[in-house]
Amino acid sequence: MYPLLQLSLQYLHQQSKPLGSPEDPKIFKQNIDHFAFNANRFKTFNQRYFINELFITNPTQIDTALLKIGAEDTVHSAPGGNLTHFDLLGELSLKFNAPIFELEHRFYGESQPFAENDNPLKTENLKYLSARYAIADLVNFVTKIDQQYCAGLGMTKVPGKTCLKWMVIGGSYAGAVSAWIAQQHPHLFAATISSSGVVNVKYENPEFDTHTYAAAGTPCAQAYVHSMREIEKVTESGNDKYLDLFKANRKNLPDFYYFLADTSLMAIQYGRKCAKITYNKPGAKVLMQLKPSQATQNRITNTNIMIEIS
């Protein structure tokens, strides 16, 4: 550990100032529709956000803020870690005396624009689920939160500029959003981290499948293809045993097949390996089991994905 970082952490450990937990959700009143002048233009929903202030050494001298973009999942805590176990954002927070924010993506977790409806995810509502709306949410959030800090710290607001220097951070889909938002709103953000940002958007992307197929290795890939073909053959014949296994139905078979394919491909993408394969034996079961590699074993809790065909 760097000496300066170690001394700063020792100083923070000695402070008695009570801080809210990074796991405590806060509510931001977000516009449902940022663009059209209709009934939803003036309606808001409760969008959750989280703050990690554990690394702030001087609360009266804050001039930087870190914003991690919530992606397609529930947010449970602001990133950064704690004074004992911290990540890159924790180090940046300590270095720049900056709070760390994370805004939960609309339609994920508890940030539901139409939560009061009987069917909040009906098709007509999903037009509000897009990167365009995610960017508008973030712009509105940064603008309002920056105004609060500007007033609270007694700063002089300069028209067209933020009081704080904002750094926006995202990975994968959120990495693309962080790149796009910084490009579209350069006056709001002083720095951007786009980790594995999928900025080259393609409607069809077969390279993902072919790459993960190759990464799996021939025995694993062949076993998986054999398994998927068998599942499709049995299901298309009218037998529902695999649908029943996953508590699915026949309303949308393409979604069912996509779920099976994507689950295993994503497992391989994130470092899991084939551990055991048994197939092509008369009367034997076809078994494909994926386990995490040693590199990811400590951070993956759902360790096994298994497809079994009798």
# chains A, B, ... in the order shown; residues from 1 in each chain; ligands from 1
>>> select_by_dssp(residues="stretch 5-180 of chain A", states="strand (DSSP E)", output="PyMOL selection string")
chain A and resi 26-31+44-52+64-69+100-103+165-171
>>> residues_around(residues="A:Phe55", least_positions_apart="4", cutoff="7 Å", atoms="only C-alpha atoms", output="compact mmCIF listing (two decimals) with N, CA and C atoms, in the first residue's frame")
# COMPACT_ATOMS: atom_id res chain seq x y z
N GLY A 90 -12.81 3.53 -4.37
CA GLY A 90 -12.44 3.93 -3.02
C GLY A 90 -11.13 4.70 -3.00
N SER A 93 -11.81 8.10 -4.48
CA SER A 93 -12.54 8.91 -3.51
C SER A 93 -11.61 9.49 -2.46
N LEU A 94 -10.69 8.67 -1.98
CA LEU A 94 -9.73 9.14 -0.98
C LEU A 94 -8.78 10.17 -1.58
N ASN A 97 -10.93 13.35 -2.31
CA ASN A 97 -11.85 13.80 -1.26
C ASN A 97 -13.28 13.90 -1.82
>>> residues_around(residues="A:Leu164", least_positions_apart="4", cutoff="7 Å", atoms="only C-alpha atoms", output="PyMOL selection string")
chain A and resi 63-65+146
>>> closest_atom_pairs(of="stretch 117-212 of chain A", to="stretch 30-41 of chain A", cutoff="12 Å", atoms="only C-alpha atoms", output="CSV")
residue,atom,partner,partner_atom,distance
A:Asn125,CA,A:Ile32,CA,10.0
A:Leu126,CA,A:Ile32,CA,11.4
A:Lys127,CA,A:Asp33,CA,10.0
A:Tyr128,CA,A:Asp33,CA,7.2
A:Leu129,CA,A:Ile32,CA,10.1
A:Ser130,CA,A:Asp33,CA,11.5
A:Arg132,CA,A:His34,CA,9.6
A:Tyr133,CA,A:His34,CA,7.3
A:Ala134,CA,A:His34,CA,10.2
A:Ile135,CA,A:His34,CA,10.2
A:Ala136,CA,A:His34,CA,6.7
A:Asp137,CA,A:Gln30,CA,6.9
A:Leu138,CA,A:Gln30,CA,9.6
A:Val139,CA,A:His34,CA,10.5
A:Asn140,CA,A:Gln30,CA,7.7
A:Phe141,CA,A:Gln30,CA,7.8
A:Val142,CA,A:Gln30,CA,11.6
A:Thr143,CA,A:Gln30,CA,11.9
A:Lys144,CA,A:Gln30,CA,10.3
>>> select_by_dssp(residues="stretch 47-263 of chain A", states="alpha helix (DSSP H)", output="PyMOL selection string")
chain A and resi 88-96+131-152+173-184+206-216+218-236+241-245+253-263
>>> residues_around(residues="A:Asn52", least_positions_apart="4", cutoff="8 Å", atoms="only C-alpha atoms", output="list in words")
Gly20, Ser21, Pro22, Ala78, Pro79, Gly80, Pro99, Ile100 and Phe101 of chain A
>>> write_last_selection(atoms="all heavy atoms", output="compact mmCIF listing (two decimals), in the first residue's frame")
# COMPACT_ATOMS: atom_id res chain seq x y z
N GLY A 20 -23.60 7.98 7.03
CA GLY A 20 -24.59 7.03 6.55
C GLY A 20 -23.90 5.87 5.86
O GLY A 20 -22.81 6.00 5.31
N SER A 21 -24.53 4.72 5.90
CA SER A 21 -23.95 3.54 5.27
C SER A 21 -24.07 3.63 3.76
O SER A 21 -25.08 4.12 3.24
CB SER A 21 -24.66 2.28 5.78
OG SER A 21 -24.29 1.16 5.00
N PRO A 22 -23.06 3.15 3.02
CA PRO A 22 -23.18 3.09 1.55
C PRO A 22 -24.33 2.21 1.10
O PRO A 22 -24.73 2.26 -0.07
CB PRO A 22 -21.83 2.50 1.12
CG PRO A 22 -20.89 2.81 2.24
CD PRO A 22 -21.72 2.74 3.48
N ALA A 78 -23.54 1.69 -2.69
CA ALA A 78 -22.58 2.50 -3.44
C ALA A 78 -21.25 1.77 -3.49
O ALA A 78 -20.87 1.08 -2.54
CB ALA A 78 -22.42 3.87 -2.78
N PRO A 79 -20.51 1.90 -4.59
CA PRO A 79 -19.22 1.21 -4.69
C PRO A 79 -18.15 1.90 -3.86
O PRO A 79 -18.40 2.89 -3.18
CB PRO A 79 -18.92 1.30 -6.19
CG PRO A 79 -19.59 2.56 -6.62
CD PRO A 79 -20.85 2.66 -5.78
N GLY A 80 -16.95 1.37 -3.94
CA GLY A 80 -15.82 1.97 -3.23
C GLY A 80 -15.30 1.10 -2.11
O GLY A 80 -14.13 1.15 -1.77
N PRO A 99 -17.22 12.25 -2.76
CA PRO A 99 -18.27 11.26 -2.52
C PRO A 99 -18.46 10.39 -3.76
O PRO A 99 -18.22 10.83 -4.88
CB PRO A 99 -19.51 12.13 -2.26
CG PRO A 99 -19.23 13.41 -2.98
CD PRO A 99 -17.75 13.61 -2.91
N ILE A 100 -18.89 9.15 -3.53
CA ILE A 100 -19.16 8.22 -4.62
C ILE A 100 -20.67 7.99 -4.70
O ILE A 100 -21.28 7.54 -3.73
CB ILE A 100 -18.46 6.87 -4.42
CG1 ILE A 100 -16.98 7.06 -4.10
CG2 ILE A 100 -18.63 5.98 -5.65
CD1 ILE A 100 -16.29 5.77 -3.67
N PHE A 101 -21.25 8.28 -5.84
CA PHE A 101 -22.68 8.06 -6.06
C PHE A 101 -22.88 6.88 -7.01
O PHE A 101 -22.05 6.63 -7.89
CB PHE A 101 -23.34 9.29 -6.70
CG PHE A 101 -23.33 10.52 -5.84
CD1 PHE A 101 -22.26 11.40 -5.87
CD2 PHE A 101 -24.41 10.81 -5.01
CE1 PHE A 101 -22.24 12.55 -5.10
CE2 PHE A 101 -24.41 11.96 -4.23
CZ PHE A 101 -23.32 12.83 -4.27
>>> residues_around(residues="A:Gly109", least_positions_apart="2", cutoff="9 Å", atoms="only C-alpha atoms", output="PyMOL selection string")
chain A and resi 48+72-76+104-107+111-112
>>> atom_distance(atom1="atom CA of A:Ala261", atom2="atom CA of A:Ser196")
22.2 Å
>>> residues_around(residues="stretch 235-238 of chain A", least_positions_apart="2", cutoff="12 Å", atoms="only C-alpha atoms", output="list in words")
Met228, Arg229, Glu230, Ile231, Glu232, Lys233, Asp240, Lys241, Tyr242, Leu243, Asp244, Leu245, Ala248, Asn249, Arg250, Leu253, Pro254, Phe256 and Tyr257 of chain A
>>> residues_around(residues="A:Ser178", least_positions_apart="2", cutoff="8 Å", atoms="only C-alpha atoms", output="NGL selection string")
:A and (69 or 168-170 or 174-176 or 180-182 or 192-194)
>>> write_last_selection(atoms="N, CA, C and O atoms", output="PDB file, in the first residue's frame")
ATOM      1  N   ILE A  69     -22.434   4.490 -12.906  1.00  0.00           N
ATOM      2  CA  ILE A  69     -23.721   4.295 -13.564  1.00  0.00           C
ATOM      3  C   ILE A  69     -24.272   2.917 -13.219  1.00  0.00           C
ATOM      4  O   ILE A  69     -23.623   1.892 -13.467  1.00  0.00           O
ATOM      5  N   VAL A 168     -17.581  10.302 -14.321  1.00  0.00           N
ATOM      6  CA  VAL A 168     -18.608   9.291 -14.549  1.00  0.00           C
ATOM      7  C   VAL A 168     -17.929   7.975 -14.909  1.00  0.00           C
ATOM      8  O   VAL A 168     -16.971   7.949 -15.687  1.00  0.00           O
ATOM      9  N   ILE A 169     -18.432   6.873 -14.319  1.00  0.00           N
ATOM     10  CA  ILE A 169     -17.784   5.570 -14.446  1.00  0.00           C
ATOM     11  C   ILE A 169     -18.813   4.516 -14.824  1.00  0.00           C
ATOM     12  O   ILE A 169     -19.918   4.479 -14.270  1.00  0.00           O
ATOM     13  N   GLY A 170     -18.455   3.651 -15.767  1.00  0.00           N
ATOM     14  CA  GLY A 170     -19.340   2.550 -16.127  1.00  0.00           C
ATOM     15  C   GLY A 170     -18.571   1.442 -16.815  1.00  0.00           C
ATOM     16  O   GLY A 170     -17.486   1.664 -17.360  1.00  0.00           O
ATOM     17  N   ALA A 174     -23.049  -0.022 -19.218  1.00  0.00           N
ATOM     18  CA  ALA A 174     -22.871   1.250 -18.511  1.00  0.00           C
ATOM     19  C   ALA A 174     -21.604   1.966 -18.966  1.00  0.00           C
ATOM     20  O   ALA A 174     -21.518   3.196 -18.901  1.00  0.00           O
ATOM     21  N   GLY A 175     -20.619   1.207 -19.444  1.00  0.00           N
ATOM     22  CA  GLY A 175     -19.420   1.821 -20.006  1.00  0.00           C
ATOM     23  C   GLY A 175     -19.727   2.572 -21.284  1.00  0.00           C
ATOM     24  O   GLY A 175     -19.176   3.649 -21.539  1.00  0.00           O
ATOM     25  N   ALA A 176     -20.617   2.006 -22.094  1.00  0.00           N
ATOM     26  CA  ALA A 176     -21.051   2.709 -23.303  1.00  0.00           C
ATOM     27  C   ALA A 176     -21.803   3.982 -22.931  1.00  0.00           C
ATOM     28  O   ALA A 176     -21.585   5.049 -23.518  1.00  0.00           O
ATOM     29  N   TRP A 180     -20.962   7.813 -23.995  1.00  0.00           N
ATOM     30  CA  TRP A 180     -21.927   8.629 -24.735  1.00  0.00           C
ATOM     31  C   TRP A 180     -22.303   9.893 -23.969  1.00  0.00           C
ATOM     32  O   TRP A 180     -22.407  10.971 -24.550  1.00  0.00           O
ATOM     33  N   ILE A 181     -22.506   9.759 -22.659  1.00  0.00           N
ATOM     34  CA  ILE A 181     -22.954  10.924 -21.890  1.00  0.00           C
ATOM     35  C   ILE A 181     -21.845  11.972 -21.806  1.00  0.00           C
ATOM     36  O   ILE A 181     -22.110  13.182 -21.852  1.00  0.00           O
ATOM     37  N   ALA A 182     -20.599  11.527 -21.710  1.00  0.00           N
ATOM     38  CA  ALA A 182     -19.490  12.485 -21.678  1.00  0.00           C
ATOM     39  C   ALA A 182     -19.324  13.171 -23.025  1.00  0.00           C
ATOM     40  O   ALA A 182     -18.966  14.353 -23.098  1.00  0.00           O
ATOM     41  N   THR A 192     -13.969  10.642 -17.505  1.00  0.00           N
ATOM     42  CA  THR A 192     -14.817   9.491 -17.795  1.00  0.00           C
ATOM     43  C   THR A 192     -13.994   8.214 -17.718  1.00  0.00           C
ATOM     44  O   THR A 192     -12.860   8.180 -18.187  1.00  0.00           O
ATOM     45  N   ILE A 193     -14.572   7.185 -17.111  1.00  0.00           N
ATOM     46  CA  ILE A 193     -14.002   5.839 -17.191  1.00  0.00           C
ATOM     47  C   ILE A 193     -15.036   4.959 -17.881  1.00  0.00           C
ATOM     48  O   ILE A 193     -16.132   4.753 -17.363  1.00  0.00           O
ATOM     49  N   SER A 194     -14.684   4.466 -19.065  1.00  0.00           N
ATOM     50  CA  SER A 194     -15.556   3.560 -19.807  1.00  0.00           C
ATOM     51  C   SER A 194     -14.832   2.229 -19.918  1.00  0.00           C
ATOM     52  O   SER A 194     -13.966   2.051 -20.773  1.00  0.00           O
TER      53      SER A 194
END
>>> atom_distance(atom1="atom CA of A:Tyr108", atom2="atom CA of A:Ala71")
8.2 Å
>>> closest_residue(among="A:Asn239, A:Asn252, A:Thr212, A:Asn58", to="A:Ser264", atoms="only C-alpha atoms")
A:Thr212
